[in-house]
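A.B. asks: Here you go, this is start24.cif (mmCIF, C-alpha atoms and all ligand atoms).
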```
data_upload
loop_
_atom_site.label_atom_id
_atom_site.label_comp_id
_atom_site.auth_asym_id
_atom_site.auth_seq_id
_atom_site.Cartn_x
_atom_site.Cartn_y
_atom_site.Cartn_z
CA MET C 1 24.53 -22.75 0.41
CA LYS C 2 22.85 -19.45 -0.45
CA THR C 3 21.89 -17.15 2.40
CA ARG C 4 19.66 -14.66 0.57
CA CYS C 5 16.17 -15.07 -0.86
CA GLU C 6 16.26 -15.13 -4.66
CA GLY C 7 12.95 -13.30 -4.85
CA CYS C 8 13.53 -10.23 -2.68
CA GLY C 9 17.22 -10.26 -1.71
CA ILE C 10 16.59 -10.46 2.05
CA LYS C 11 19.01 -12.38 4.29
CA ILE C 12 17.11 -15.47 5.36
CA GLN C 13 16.52 -16.64 8.92
CA THR C 14 14.79 -19.71 10.35
CA VAL C 15 13.94 -18.37 13.79
CA ASP C 16 11.08 -15.85 13.72
CA PRO C 17 8.16 -16.33 11.24
CA LYS C 18 7.02 -12.77 11.93
CA LYS C 19 10.30 -11.18 10.85
CA PRO C 20 11.44 -10.61 7.26
CA GLY C 21 13.45 -13.37 5.61
CA TYR C 22 11.81 -16.27 7.45
CA ILE C 23 12.00 -19.73 5.93
CA ASP C 24 11.21 -23.05 7.60
CA SER C 25 14.55 -24.75 8.34
CA GLU C 26 13.44 -28.07 6.79
CA VAL C 27 12.36 -26.35 3.57
CA TYR C 28 15.67 -24.52 3.43
CA LEU C 29 17.79 -27.60 4.04
CA LYS C 30 15.96 -29.52 1.30
CA ASN C 31 16.99 -26.98 -1.30
CA PRO C 32 19.67 -24.63 0.04
CA ASP C 33 20.68 -23.26 -3.38
CA ASN C 34 17.31 -22.46 -4.81
CA PHE C 35 14.60 -21.23 -2.43
CA LEU C 36 12.27 -18.34 -1.62
CA CYS C 37 11.57 -16.78 1.78
CA GLU C 38 8.06 -17.47 3.05
CA ARG C 39 6.84 -13.97 2.10
CA CYS C 40 7.98 -14.31 -1.52
CA PHE C 41 6.62 -17.85 -1.71
CA ASN C 42 3.18 -16.65 -0.56
CA LEU C 43 3.27 -13.67 -2.92
CA LYS C 44 4.24 -15.76 -5.93
CA HIS C 45 2.12 -18.82 -5.42
CA TYR C 46 -0.89 -17.55 -3.47
CA ASN C 47 -0.83 -13.84 -4.31
CA LYS C 48 -0.85 -13.32 -0.54
CA TYR C 49 0.91 -10.21 0.74
CA SER C 50 2.37 -9.51 4.15
CA GLU C 51 3.43 -6.02 5.06
CA THR C 52 7.01 -5.43 5.96
CA GLU C 53 9.45 -2.57 6.07
CA ILE C 54 12.73 -2.04 4.33
CA ASP C 55 15.79 -1.37 6.42
CA GLU C 56 16.15 2.40 5.99
CA LYS C 57 19.66 2.65 7.36
CA LYS C 58 20.84 0.02 4.94
CA PHE C 59 19.07 1.80 2.10
CA TYR C 60 20.93 5.07 2.79
CA ASP C 61 24.20 3.19 3.32
CA ASN C 62 23.76 1.75 -0.15
CA ILE C 63 23.14 5.17 -1.66
CA ASP C 64 26.26 6.44 0.05
CA LYS C 65 28.25 3.49 -1.25
CA ILE C 66 27.04 3.92 -4.85
CA SER C 67 27.70 7.67 -4.81
CA LYS C 68 31.37 6.97 -4.04
CA THR C 69 31.73 4.89 -7.21
CA ASN C 70 31.35 5.65 -10.92
CA ALA C 71 28.48 3.19 -11.23
CA LEU C 72 25.66 3.91 -13.67
CA VAL C 73 22.36 4.68 -11.91
CA VAL C 74 19.29 3.57 -13.86
CA TYR C 75 16.60 5.78 -12.38
CA VAL C 76 13.13 4.35 -13.05
CA VAL C 77 9.88 6.34 -12.78
CA ASP C 78 6.28 5.40 -13.55
CA GLY C 79 5.09 7.26 -16.67
CA PHE C 80 1.55 7.24 -15.38
CA ASP C 81 2.58 8.82 -12.09
CA LEU C 82 5.42 11.08 -13.15
CA GLU C 83 5.12 13.67 -10.41
CA GLY C 84 4.45 11.04 -7.71
CA THR C 85 7.44 8.86 -8.57
CA PHE C 86 9.92 11.60 -9.41
CA VAL C 87 12.81 11.67 -6.91
CA ASP C 88 14.00 15.26 -6.47
CA LYS C 89 16.95 14.09 -4.39
CA ILE C 90 18.53 12.11 -7.22
CA LYS C 91 21.04 14.89 -7.82
CA GLU C 92 21.90 15.24 -4.14
CA TRP C 93 22.26 11.48 -3.67
CA PHE C 94 24.26 10.73 -6.82
CA PRO C 95 26.12 13.96 -7.61
CA LYS C 96 28.78 12.38 -9.83
CA ASN C 97 27.21 9.18 -11.14
CA LYS C 98 25.91 8.96 -14.69
CA VAL C 99 22.12 8.65 -14.61
CA LEU C 100 19.97 6.89 -17.21
CA MET C 101 16.32 7.85 -16.67
CA ILE C 102 13.71 5.27 -17.63
CA VAL C 103 10.05 6.28 -17.83
CA ASN C 104 8.26 2.93 -17.52
CA LYS C 105 4.67 1.67 -18.04
CA PHE C 106 4.23 3.62 -21.26
CA ASP C 107 1.87 0.86 -22.43
CA LEU C 108 -0.79 2.44 -20.19
CA PHE C 109 -0.99 5.46 -22.48
CA LEU C 110 -3.06 5.44 -25.65
CA SER C 111 -0.94 4.40 -28.62
CA SER C 112 -1.62 7.83 -30.14
CA THR C 113 0.26 9.54 -27.27
CA LYS C 114 3.23 11.39 -28.72
CA GLN C 115 6.49 10.20 -27.14
CA SER C 116 8.16 13.45 -28.22
CA LYS C 117 5.65 15.54 -26.24
CA VAL C 118 6.10 13.48 -23.07
CA LYS C 119 9.91 13.53 -23.50
CA LYS C 120 9.87 17.30 -23.90
CA TYR C 121 7.78 17.66 -20.74
CA ILE C 122 10.22 15.47 -18.78
CA SER C 123 13.28 17.25 -20.18
CA ASP C 124 11.78 20.60 -19.12
CA MET C 125 10.99 19.16 -15.69
CA LEU C 126 14.61 17.99 -15.32
CA ALA C 127 15.99 21.34 -16.48
CA ASP C 128 13.70 23.12 -14.07
CA LYS C 129 15.12 21.09 -11.18
CA ASP C 130 18.66 21.43 -12.55
CA ILE C 131 19.01 17.63 -12.87
CA HIS C 132 21.26 16.31 -15.61
CA VAL C 133 20.70 12.82 -17.03
CA SER C 134 22.91 11.03 -19.58
CA GLY C 135 19.98 9.25 -21.24
CA LEU C 136 16.17 9.28 -21.20
CA LEU C 137 13.98 6.45 -22.47
CA LEU C 138 10.19 5.99 -22.50
CA ILE C 139 9.45 2.29 -22.36
CA SER C 140 7.19 -0.52 -21.33
CA SER C 141 8.82 -3.44 -19.53
CA LYS C 142 6.30 -5.60 -21.34
CA LYS C 143 7.79 -4.86 -24.77
CA GLU C 144 10.77 -6.86 -25.95
CA GLU C 145 12.04 -4.15 -28.27
CA ASP C 146 11.99 -1.64 -25.40
CA ILE C 147 14.05 -3.98 -23.21
CA GLU C 148 16.59 -4.23 -26.01
CA LYS C 149 16.70 -0.42 -26.16
CA VAL C 150 17.37 -0.25 -22.42
CA PHE C 151 20.10 -2.86 -22.72
CA ARG C 152 21.82 -0.96 -25.55
CA GLU C 153 21.65 2.30 -23.60
CA ILE C 154 23.06 0.64 -20.47
CA ILE C 155 25.96 -0.74 -22.49
CA ARG C 156 26.54 2.68 -24.10
CA LEU C 157 26.72 4.43 -20.74
CA LYS C 158 28.16 1.96 -18.24
CA GLY C 159 31.78 1.74 -19.41
CA ASP C 160 33.51 -0.73 -17.07
CA GLU C 161 31.20 0.05 -14.17
CA ASP C 162 28.36 -1.67 -12.33
CA VAL C 163 24.73 -0.68 -12.82
CA TYR C 164 22.12 0.02 -10.10
CA LEU C 165 18.36 0.20 -10.63
CA PHE C 166 16.90 2.85 -8.42
CA GLY C 167 13.49 4.51 -7.88
CA VAL C 168 10.26 4.61 -5.93
CA THR C 169 8.54 1.32 -5.01
CA ASN C 170 6.32 -0.26 -7.69
CA VAL C 171 7.73 1.60 -10.69
CA GLY C 172 8.79 -1.76 -12.20
CA LYS C 173 12.52 -2.09 -11.41
CA SER C 174 12.42 -5.83 -10.73
CA THR C 175 10.21 -6.46 -13.76
CA LEU C 176 12.78 -4.65 -15.87
CA ILE C 177 15.67 -6.68 -14.41
CA ASN C 178 13.85 -9.98 -15.02
CA GLU C 179 13.36 -8.94 -18.64
CA LEU C 180 16.95 -7.71 -19.02
CA SER C 181 18.21 -11.00 -17.61
CA LYS C 182 16.83 -12.76 -20.69
CA ILE C 183 19.52 -10.91 -22.64
CA VAL C 184 22.38 -10.94 -20.14
CA CYS C 185 22.02 -14.21 -18.21
CA GLU C 186 21.96 -17.84 -19.25
CA LYS C 187 18.72 -18.26 -17.35
CA LYS C 188 15.98 -15.66 -16.80
CA THR C 189 16.00 -14.35 -13.21
CA ASP C 190 12.82 -14.79 -11.23
CA ILE C 191 12.87 -11.83 -8.86
CA THR C 192 9.49 -11.45 -7.11
CA ILE C 193 7.30 -8.74 -8.58
CA SER C 194 3.97 -7.51 -7.26
CA ASN C 195 1.78 -4.43 -7.29
CA MET C 196 2.13 -4.07 -3.51
CA PRO C 197 4.75 -1.67 -2.11
CA SER C 198 8.19 -2.87 -0.98
CA THR C 199 8.40 -6.17 -2.79
CA THR C 200 12.19 -6.12 -3.08
CA LEU C 201 13.66 -5.93 0.41
CA ASP C 202 17.41 -5.85 -0.17
CA VAL C 203 19.89 -5.47 -3.01
CA ILE C 204 19.89 -8.30 -5.57
CA LYS C 205 23.05 -8.83 -7.63
CA ILE C 206 23.03 -10.22 -11.17
CA PRO C 207 26.08 -10.78 -13.38
CA LEU C 208 26.18 -8.40 -16.33
CA LEU C 209 29.22 -8.28 -18.65
CA ASP C 210 32.98 -8.59 -18.08
CA HIS C 211 32.81 -9.01 -14.30
CA THR C 212 30.40 -6.13 -13.82
CA TYR C 213 27.01 -6.50 -12.11
CA LEU C 214 23.44 -5.30 -12.39
CA TYR C 215 21.82 -4.56 -9.02
CA ASP C 216 18.11 -4.38 -8.18
CA MET C 217 17.40 -2.14 -5.21
CA PRO C 218 14.48 -1.85 -2.77
CA GLY C 219 12.15 0.98 -3.80
CA ILE C 220 11.75 4.24 -1.95
CA ILE C 221 8.50 4.36 -0.01
CA ASN C 222 6.32 7.22 -1.14
CA ASP C 223 3.46 8.02 1.24
CA HIS C 224 2.11 10.77 -1.06
CA GLN C 225 0.87 8.10 -3.47
CA MET C 226 -2.70 6.81 -3.21
CA THR C 227 -1.45 3.27 -3.82
CA TYR C 228 0.60 3.34 -0.62
CA TYR C 229 -2.59 3.17 1.47
CA LEU C 230 -4.56 0.52 -0.45
CA ASP C 231 -5.12 -3.16 0.21
CA LYS C 232 -4.60 -5.82 -2.43
CA ASN C 233 -8.22 -5.85 -3.71
CA THR C 234 -8.45 -2.08 -4.03
CA LEU C 235 -5.03 -1.91 -5.66
CA ASN C 236 -6.25 -4.31 -8.30
CA LYS C 237 -9.01 -1.86 -9.15
CA VAL C 238 -6.86 1.29 -9.04
CA LEU C 239 -3.76 0.07 -10.87
CA PRO C 240 -4.50 -0.20 -14.57
CA LYS C 241 -3.64 -3.55 -16.09
CA LYS C 242 -3.90 -2.44 -19.67
CA TYR C 243 -4.07 0.87 -21.48
CA ILE C 244 -6.42 3.39 -19.98
CA LYS C 245 -9.51 4.32 -21.95
CA PRO C 246 -9.86 8.07 -21.58
CA LYS C 247 -13.48 9.18 -21.04
CA THR C 248 -14.57 12.62 -22.20
CA PHE C 249 -17.20 14.80 -20.49
CA GLN C 250 -18.35 18.27 -21.50
CA LEU C 251 -18.93 20.08 -18.22
CA ASN C 252 -20.73 23.32 -17.53
CA GLU C 253 -19.71 25.33 -14.50
CA LYS C 254 -21.20 24.13 -11.19
CA GLN C 255 -20.85 20.46 -12.12
CA THR C 256 -18.78 17.78 -10.41
CA LEU C 257 -16.99 14.59 -11.54
CA PHE C 258 -16.28 11.81 -9.06
CA ILE C 259 -13.45 9.30 -9.46
CA SER C 260 -15.00 6.59 -7.29
CA GLY C 261 -14.58 7.85 -3.73
CA PHE C 262 -10.89 8.71 -4.24
CA ALA C 263 -11.31 12.24 -5.51
CA TYR C 264 -13.76 14.65 -7.07
CA PHE C 265 -13.36 17.62 -9.37
CA ASN C 266 -15.67 20.61 -8.91
CA TYR C 267 -15.90 22.90 -11.92
CA LEU C 268 -16.45 26.10 -9.95
CA GLU C 269 -16.67 28.64 -12.74
CA GLY C 270 -15.87 29.09 -16.42
CA ASP C 271 -17.18 28.41 -19.91
CA LYS C 272 -18.24 24.94 -20.99
CA ALA C 273 -15.03 22.83 -20.92
CA SER C 274 -13.88 19.35 -21.84
CA PHE C 275 -12.83 17.05 -18.98
CA VAL C 276 -11.02 13.84 -19.97
CA THR C 277 -10.49 11.22 -17.26
CA ASN C 278 -7.34 9.06 -17.35
CA PHE C 279 -7.96 6.64 -14.51
CA SER C 280 -8.17 2.84 -14.26
CA ASN C 281 -11.06 1.52 -16.35
CA GLU C 282 -12.44 -0.18 -13.22
CA LEU C 283 -13.13 3.01 -11.29
CA VAL C 284 -16.57 4.63 -11.25
CA ILE C 285 -16.72 8.01 -13.00
CA HIS C 286 -19.88 9.81 -11.89
CA ARG C 287 -21.17 13.29 -12.73
CA THR C 288 -23.42 15.35 -10.42
CA LYS C 289 -24.39 18.96 -9.79
CA LEU C 290 -21.86 20.83 -7.67
CA GLU C 291 -24.51 21.76 -5.09
CA ASN C 292 -25.15 18.06 -4.38
CA ALA C 293 -21.54 16.91 -4.50
CA LYS C 294 -20.63 16.91 -0.80
CA ASP C 295 -23.86 15.17 0.22
CA PHE C 296 -23.55 12.67 -2.59
CA PHE C 297 -20.01 11.81 -1.50
CA GLU C 298 -21.03 11.20 2.10
CA LYS C 299 -24.15 9.22 1.22
CA HIS C 300 -22.87 7.07 -1.64
CA ILE C 301 -19.21 6.41 -1.02
CA ASP C 302 -19.91 2.76 -0.14
CA ASP C 303 -22.51 1.97 -2.81
CA ILE C 304 -22.40 4.02 -6.04
CA LEU C 305 -18.78 5.15 -5.70
CA LEU C 306 -17.69 1.72 -4.33
CA TYR C 307 -14.10 2.46 -3.19
CA PRO C 308 -12.14 3.04 -1.00
CA SER C 309 -13.51 1.13 2.00
CA GLU C 310 -13.90 2.73 5.41
CA SER C 311 -10.72 1.16 6.78
CA ILE C 312 -8.69 2.61 3.90
CA ARG C 313 -10.36 6.01 4.32
CA CYS C 314 -9.20 6.02 7.95
CA LYS C 315 -5.60 5.58 6.78
CA LEU C 316 -5.95 8.25 4.09
CA GLY C 317 -7.10 10.89 6.55
CA LYS C 318 -9.29 13.92 5.92
CA MET C 319 -10.33 15.36 2.56
CA LYS C 320 -8.58 18.51 1.39
CA SER C 321 -9.45 20.88 -1.45
CA GLN C 322 -7.12 22.69 -3.85
CA LYS C 323 -8.13 25.13 -6.57
CA PHE C 324 -6.48 25.47 -9.99
CA MET C 325 -6.90 28.17 -12.65
CA ILE C 326 -7.17 26.55 -16.06
CA ASP C 327 -6.42 28.39 -19.26
CA GLY C 328 -5.77 26.07 -22.21
CA LYS C 329 -5.12 22.33 -21.87
CA LYS C 330 -3.83 21.13 -18.50
CA ASP C 331 -3.51 17.85 -16.60
CA ILE C 332 -4.37 17.65 -12.93
CA ALA C 333 -2.48 14.59 -11.65
CA ILE C 334 -3.33 12.73 -8.44
CA SER C 335 -0.37 10.63 -7.35
CA GLY C 336 -0.97 6.90 -7.57
CA LEU C 337 -4.44 7.35 -9.10
CA GLY C 338 -4.17 8.95 -12.56
CA PHE C 339 -4.94 12.33 -14.09
CA LEU C 340 -7.67 14.53 -15.49
CA THR C 341 -7.10 16.60 -18.62
CA VAL C 342 -9.09 19.83 -18.68
CA HIS C 343 -9.37 21.89 -21.84
CA GLY C 344 -10.99 25.28 -21.33
CA LYS C 345 -10.84 28.38 -19.20
CA GLY C 346 -12.06 28.43 -15.61
CA ILE C 347 -11.46 27.33 -12.03
CA VAL C 348 -11.36 23.65 -11.04
CA GLU C 349 -11.34 22.53 -7.42
CA VAL C 350 -9.88 19.10 -6.62
CA VAL C 351 -11.02 17.39 -3.46
CA THR C 352 -8.99 14.37 -2.37
CA TYR C 353 -7.35 12.89 0.73
CA GLU C 354 -4.94 15.24 2.46
CA LYS C 355 -1.90 12.96 2.28
CA ILE C 356 -2.04 12.59 -1.50
CA LYS C 357 0.07 14.74 -3.80
CA VAL C 358 -1.83 16.73 -6.44
CA ALA C 359 0.03 18.49 -9.28
CA ILE C 360 -0.93 20.56 -12.31
CA ARG C 361 1.05 20.46 -15.55
CA GLU C 362 0.82 21.18 -19.26
CA SER C 363 -1.21 18.36 -20.80
CA LEU C 364 0.80 15.30 -21.89
CA LEU C 365 -1.85 14.19 -24.36
N1 LIG D 401 1.43 -1.79 -17.18
C1 LIG D 401 2.68 -2.03 -16.79
N2 LIG D 401 2.91 -2.55 -15.57
C2 LIG D 401 4.20 -2.80 -15.22
C3 LIG D 401 5.30 -2.51 -16.07
N3 LIG D 401 6.44 -2.83 -15.40
C4 LIG D 401 6.04 -3.30 -14.20
N4 LIG D 401 4.71 -3.30 -14.08
C5 LIG D 401 3.89 -3.71 -12.92
O1 LIG D 401 4.21 -2.85 -11.83
C6 LIG D 401 4.11 -3.55 -10.59
C7 LIG D 401 5.37 -3.35 -9.79
O2 LIG D 401 6.44 -4.03 -10.42
P1 LIG D 401 7.81 -4.40 -9.67
O3 LIG D 401 8.78 -4.85 -10.71
O4 LIG D 401 7.56 -5.32 -8.53
O5 LIG D 401 8.22 -2.95 -9.10
P2 LIG D 401 9.50 -2.55 -8.25
O6 LIG D 401 9.90 -1.18 -8.72
O7 LIG D 401 10.56 -3.59 -8.32
O8 LIG D 401 8.88 -2.44 -6.79
P3 LIG D 401 9.65 -2.58 -5.35
O9 LIG D 401 10.38 -3.87 -5.33
O10 LIG D 401 8.51 -2.53 -4.36
O11 LIG D 401 10.55 -1.39 -5.24
C8 LIG D 401 3.82 -5.01 -10.97
O12 LIG D 401 2.43 -5.23 -10.82
C9 LIG D 401 4.25 -5.10 -12.42
O13 LIG D 401 3.54 -6.10 -13.15
C10 LIG D 401 5.02 -1.94 -17.37
O14 LIG D 401 5.89 -1.63 -18.17
N5 LIG D 401 3.69 -1.74 -17.66
MG MG D 402 11.37 -4.76 -6.85
#
```
Please express the file's structure as structure tokens.
C.D. replies:
Amino acid sequence: MKTRCEGCGIKIQTVDPKKPGYIDSEVYLKNPDNFLCERCFNLKHYNKYSETEIDEKKFYDNIDKISKTNALVVYVVDGFDLEGTFVDKIKEWFPKNKVLMIVNKFDLFLSSTKQSKVKKYISDMLADKDIHVSGLLLISSKKEEDIEKVFREIIRLKGDEDVYLFGVTNVGKSTLINELSKIVCEKKTDITISNMPSTTLDVIKIPLLDHTYLYDMPGIINDHQMTYYLDKNTLNKVLPKKYIKPKTFQLNEKQTLFISGFAYFNYLEGDKASFVTNFSNELVIHRTKLENAKDFFEKHIDDILLYPSESIRCKLGKMKSQKFMIDGKKDIAISGLGFLTVHGKGIVEVVTYEKIKVAIRESLL
């Protein structure tokens, strides 16, 4: 009889429907070797999500345990939210483990995006933070040839050791494992995946080669990401499902661009400049005069700008502004939302919710 849910790894229990791991005892006894906890069942079959928390102590115990071994750590980040899903502590947590860094969701970039440019940016970012990785791959979990690349790199680096997938929630660790299992297992694994945070609740162990194992881990919660605060419907609008169509605007100073009601960019001063939006195709991009921007935001957040709803705004907190000097081609990235590429010379003010991380970088495109 199995005692852990195959979808999320949680230890099952038949006592409290409100606690993680609940399964009806009759359902469990009917099929004790192949079952899902109620939460995974609802997520998979009805796309219904219930919030829950991962056990933090257990999470850190696992990190401690891995760091005492020579296991390979496969560190996954979301290519579309590099700054938001980057884990600075990777070096502190795994000082002696080999690390293979995977930049996932590359399918969301235009096919003309140069891998070499993005790789260079990430390598510089790693060097800047004094983080050493043994391998770096840009992939999409949706591409078979990329999964084969990941498999080959894992085999190259793992030696006789186990392999742990690690990273922020929602970067695609479980998706990657399900795809890898097509190569390493007799039967494809069916770990639950979803675009809601904390889908995997505990470690899931999958046989790899020669008595070694591949482990899926619960993701780190990141409350600087916009996606952390959204409900299922809004997430479906914000998270791009296919490649993002960049939209180009030529802005004069004293003009403003809204990204639905999630953020707006005020072009405070400078010569005419090009602003390219890289946000989900379903968000509203709206241009106004700077002098009307604040009023427009307050008046039209629920009609023209559409999202986020009032209840989400309450969770996101107040709006905060940050100013950036632009000289050349820069990206202003808003964690969990996307990024704006500005080409020109001037001052851009970003106004977004105070809890959300905003970063400026050399343009990736
Ligand atoms: N566009 C795109 N979406 C992806 C890719 N890989 C995963 N996703 C989506 O990202 C979301 C999160 O995937 P998961 O595999 O559940 O992420 P996770 O890292 O295991 O998340 P936690 O279990 O919460 O830590 C899902 O909606 C996936 O369909 C990819 O390569 N491209
Ligand atoms: Mg997962």
A.B. asks: Can you pull out every residue within 7 Å of range 143-154 of chain C, counting all atoms listed in the file, but drop anything in the same chain fewer than 4 positions away, and send it as a list in words?
C.D. replies: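 After dropping sequence-adjacent residues, the list is Ile139, Lys158, Glu179 and Leu180 of chain C.
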A.B. asks: My list of candidates is C:Asn34, C:Ser141, C:Thr175, C:Thr234. Which is closest to ligand MG 402 (chain D) when distances are computed with only C-alpha atoms and all ligand atoms?
C.D. replies: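 Distance minimum relative to ligand MG 402 (chain D) lands on C:Thr175.
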A.B. asks: Which residues of chain C sit at most 8 Å from ligand MG 402 (chain D), using all atoms listed in the file? Give each one's shortest atom pair and distance in Å (one decimal place), in chain and ascending residue order, as JSON lines.
C.D. replies:
```
{"residue": "C:Cys8", "atom": "CA", "partner": "D:MG402", "partner_atom": "MG", "distance": 7.2}
{"residue": "C:Thr169", "atom": "CA", "partner": "D:MG402", "partner_atom": "MG", "distance": 7.0}
{"residue": "C:Asn170", "atom": "CA", "partner": "D:MG402", "partner_atom": "MG", "distance": 6.8}
{"residue": "C:Gly172", "atom": "CA", "partner": "D:MG402", "partner_atom": "MG", "distance": 6.7}
{"residue": "C:Lys173", "atom": "CA", "partner": "D:MG402", "partner_atom": "MG", "distance": 5.4}
{"residue": "C:Ser174", "atom": "CA", "partner": "D:MG402", "partner_atom": "MG", "distance": 4.2}
{"residue": "C:Thr175", "atom": "CA", "partner": "D:MG402", "partner_atom": "MG", "distance": 7.2}
{"residue": "C:Ile191", "atom": "CA", "partner": "D:MG402", "partner_atom": "MG", "distance": 7.5}
{"residue": "C:Thr192", "atom": "CA", "partner": "D:MG402", "partner_atom": "MG", "distance": 7.0}
{"residue": "C:Ile193", "atom": "CA", "partner": "D:MG402", "partner_atom": "MG", "distance": 5.9}
{"residue": "C:Ser194", "atom": "CA", "partner": "D:MG402", "partner_atom": "MG", "distance": 7.9}
{"residue": "C:Ser198", "atom": "CA", "partner": "D:MG402", "partner_atom": "MG", "distance": 6.9}
{"residue": "C:Thr199", "atom": "CA", "partner": "D:MG402", "partner_atom": "MG", "distance": 5.2}
{"residue": "C:Thr200", "atom": "CA", "partner": "D:MG402", "partner_atom": "MG", "distance": 4.1}
{"residue": "C:Leu201", "atom": "CA", "partner": "D:MG402", "partner_atom": "MG", "distance": 7.7}
{"residue": "C:Asp216", "atom": "CA", "partner": "D:MG402", "partner_atom": "MG", "distance": 6.9}
{"residue": "C:Met217", "atom": "CA", "partner": "D:MG402", "partner_atom": "MG", "distance": 6.8}
{"residue": "C:Pro218", "atom": "CA", "partner": "D:MG402", "partner_atom": "MG", "distance": 5.9}
{"residue": "C:Gly219", "atom": "CA", "partner": "D:MG402", "partner_atom": "MG", "distance": 6.5}
```
A.B. asks: Find the residues around Lys44 in chain C up to 10 Å (all atoms listed in the file counted), leave out those fewer than 2 positions away in its own chain, and share them as a PyMOL selection string.
C.D. replies: chain C and resi 7+36+38-42+46-49+191-194
A.B. asks: Neighbours of Phe80 in chain C within 8 Å (all atoms listed in the file; same-chain residues fewer than 3 positions away dropped), as a short mmCIF file (atom, residue, chain, number, x, y, z; two decimals) with C-alpha atoms, in the coordinates of the input?
C.D. replies:
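part38.cif was written with the following content:
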```cif
data_model
loop_
_atom_site.label_atom_id
_atom_site.label_comp_id
_atom_site.auth_asym_id
_atom_site.auth_seq_id
_atom_site.Cartn_x
_atom_site.Cartn_y
_atom_site.Cartn_z
CA LYS C 105 4.67 1.67 -18.04
CA PHE C 106 4.23 3.62 -21.26
CA LEU C 108 -0.79 2.44 -20.19
CA PHE C 109 -0.99 5.46 -22.48
CA GLY C 338 -4.17 8.95 -12.56
#
```
A.B. asks: Here is a test: counting only C-alpha atoms, which residue of C:Pro246, C:Gly9, C:Gly317, C:Pro207 is nearest to Ile356 in chain C?
C.D. replies: C:Gly317
A.B. asks: Please, which residues in range 145-256 of chain C fall within 10 Å of range 280-287 of chain C when counting only C-alpha atoms, and what is the closest atom pair and distance in Å to one decimal for each, ordered by chain then residue number, as a Markdown table?
C.D. replies:
```
| residue | atom | partner | partner_atom | distance |
| --- | --- | --- | --- | --- |
| C:Asn236 | CA | C:Glu282 | CA | 8.9 |
| C:Lys237 | CA | C:Glu282 | CA | 5.6 |
| C:Val238 | CA | C:Ser280 | CA | 5.6 |
| C:Leu239 | CA | C:Ser280 | CA | 6.2 |
| C:Pro240 | CA | C:Ser280 | CA | 4.8 |
| C:Lys241 | CA | C:Ser280 | CA | 8.0 |
| C:Lys242 | CA | C:Ser280 | CA | 8.7 |
| C:Tyr243 | CA | C:Ser280 | CA | 8.5 |
| C:Ile244 | CA | C:Ser280 | CA | 6.0 |
| C:Lys245 | CA | C:Asn281 | CA | 6.4 |
| C:Pro246 | CA | C:Asn281 | CA | 8.5 |
| C:Lys247 | CA | C:Ile285 | CA | 8.7 |
| C:Phe249 | CA | C:Arg287 | CA | 8.8 |
| C:Leu251 | CA | C:Arg287 | CA | 9.0 |
| C:Gln255 | CA | C:Arg287 | CA | 7.2 |
| C:Thr256 | CA | C:Arg287 | CA | 5.6 |
```
A.B. asks: Box for ligand LIG 401 (chain D): with edges along x, y and z, all listed atoms inside and 8 Å added on each side, what are the centre and edge lengths in Å to one decimal, as lines of an AutoDock Vina configuration file?
C.D. replies:
```
center_x = 6.0
center_y = -3.6
center_z = -11.3
size_x = 25.1
size_y = 20.9
size_z = 29.8
```
A.B. asks: Kindly reconstruct range 213-219 of chain C with N, CA, C and O atoms and present the result as a compact mmCIF listing (two decimals), in the frame of the given file.
C.D. replies:
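The resulting file, result.txt, is shown below:
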```txt
# COMPACT_ATOMS: atom_id res chain seq x y z
N TYR C 213 28.28 -5.97 -12.62
CA TYR C 213 27.01 -6.50 -12.11
C TYR C 213 25.88 -5.50 -12.26
O TYR C 213 26.08 -4.28 -12.31
N LEU C 214 24.67 -6.08 -12.34
CA LEU C 214 23.44 -5.30 -12.39
C LEU C 214 22.78 -5.52 -11.02
O LEU C 214 22.63 -6.66 -10.59
N TYR C 215 22.39 -4.43 -10.37
CA TYR C 215 21.82 -4.56 -9.02
C TYR C 215 20.38 -4.04 -9.00
O TYR C 215 20.12 -2.92 -9.44
N ASP C 216 19.48 -4.85 -8.44
CA ASP C 216 18.11 -4.38 -8.18
C ASP C 216 18.11 -3.83 -6.75
O ASP C 216 18.74 -4.42 -5.87
N MET C 217 17.42 -2.72 -6.56
CA MET C 217 17.40 -2.14 -5.21
C MET C 217 15.97 -2.06 -4.67
O MET C 217 15.02 -1.95 -5.45
N PRO C 218 15.82 -2.07 -3.34
CA PRO C 218 14.48 -1.85 -2.77
C PRO C 218 14.00 -0.46 -3.17
O PRO C 218 14.81 0.46 -3.31
N GLY C 219 12.69 -0.32 -3.38
CA GLY C 219 12.15 0.98 -3.80
C GLY C 219 11.98 1.93 -2.64
O GLY C 219 11.81 1.52 -1.48
```
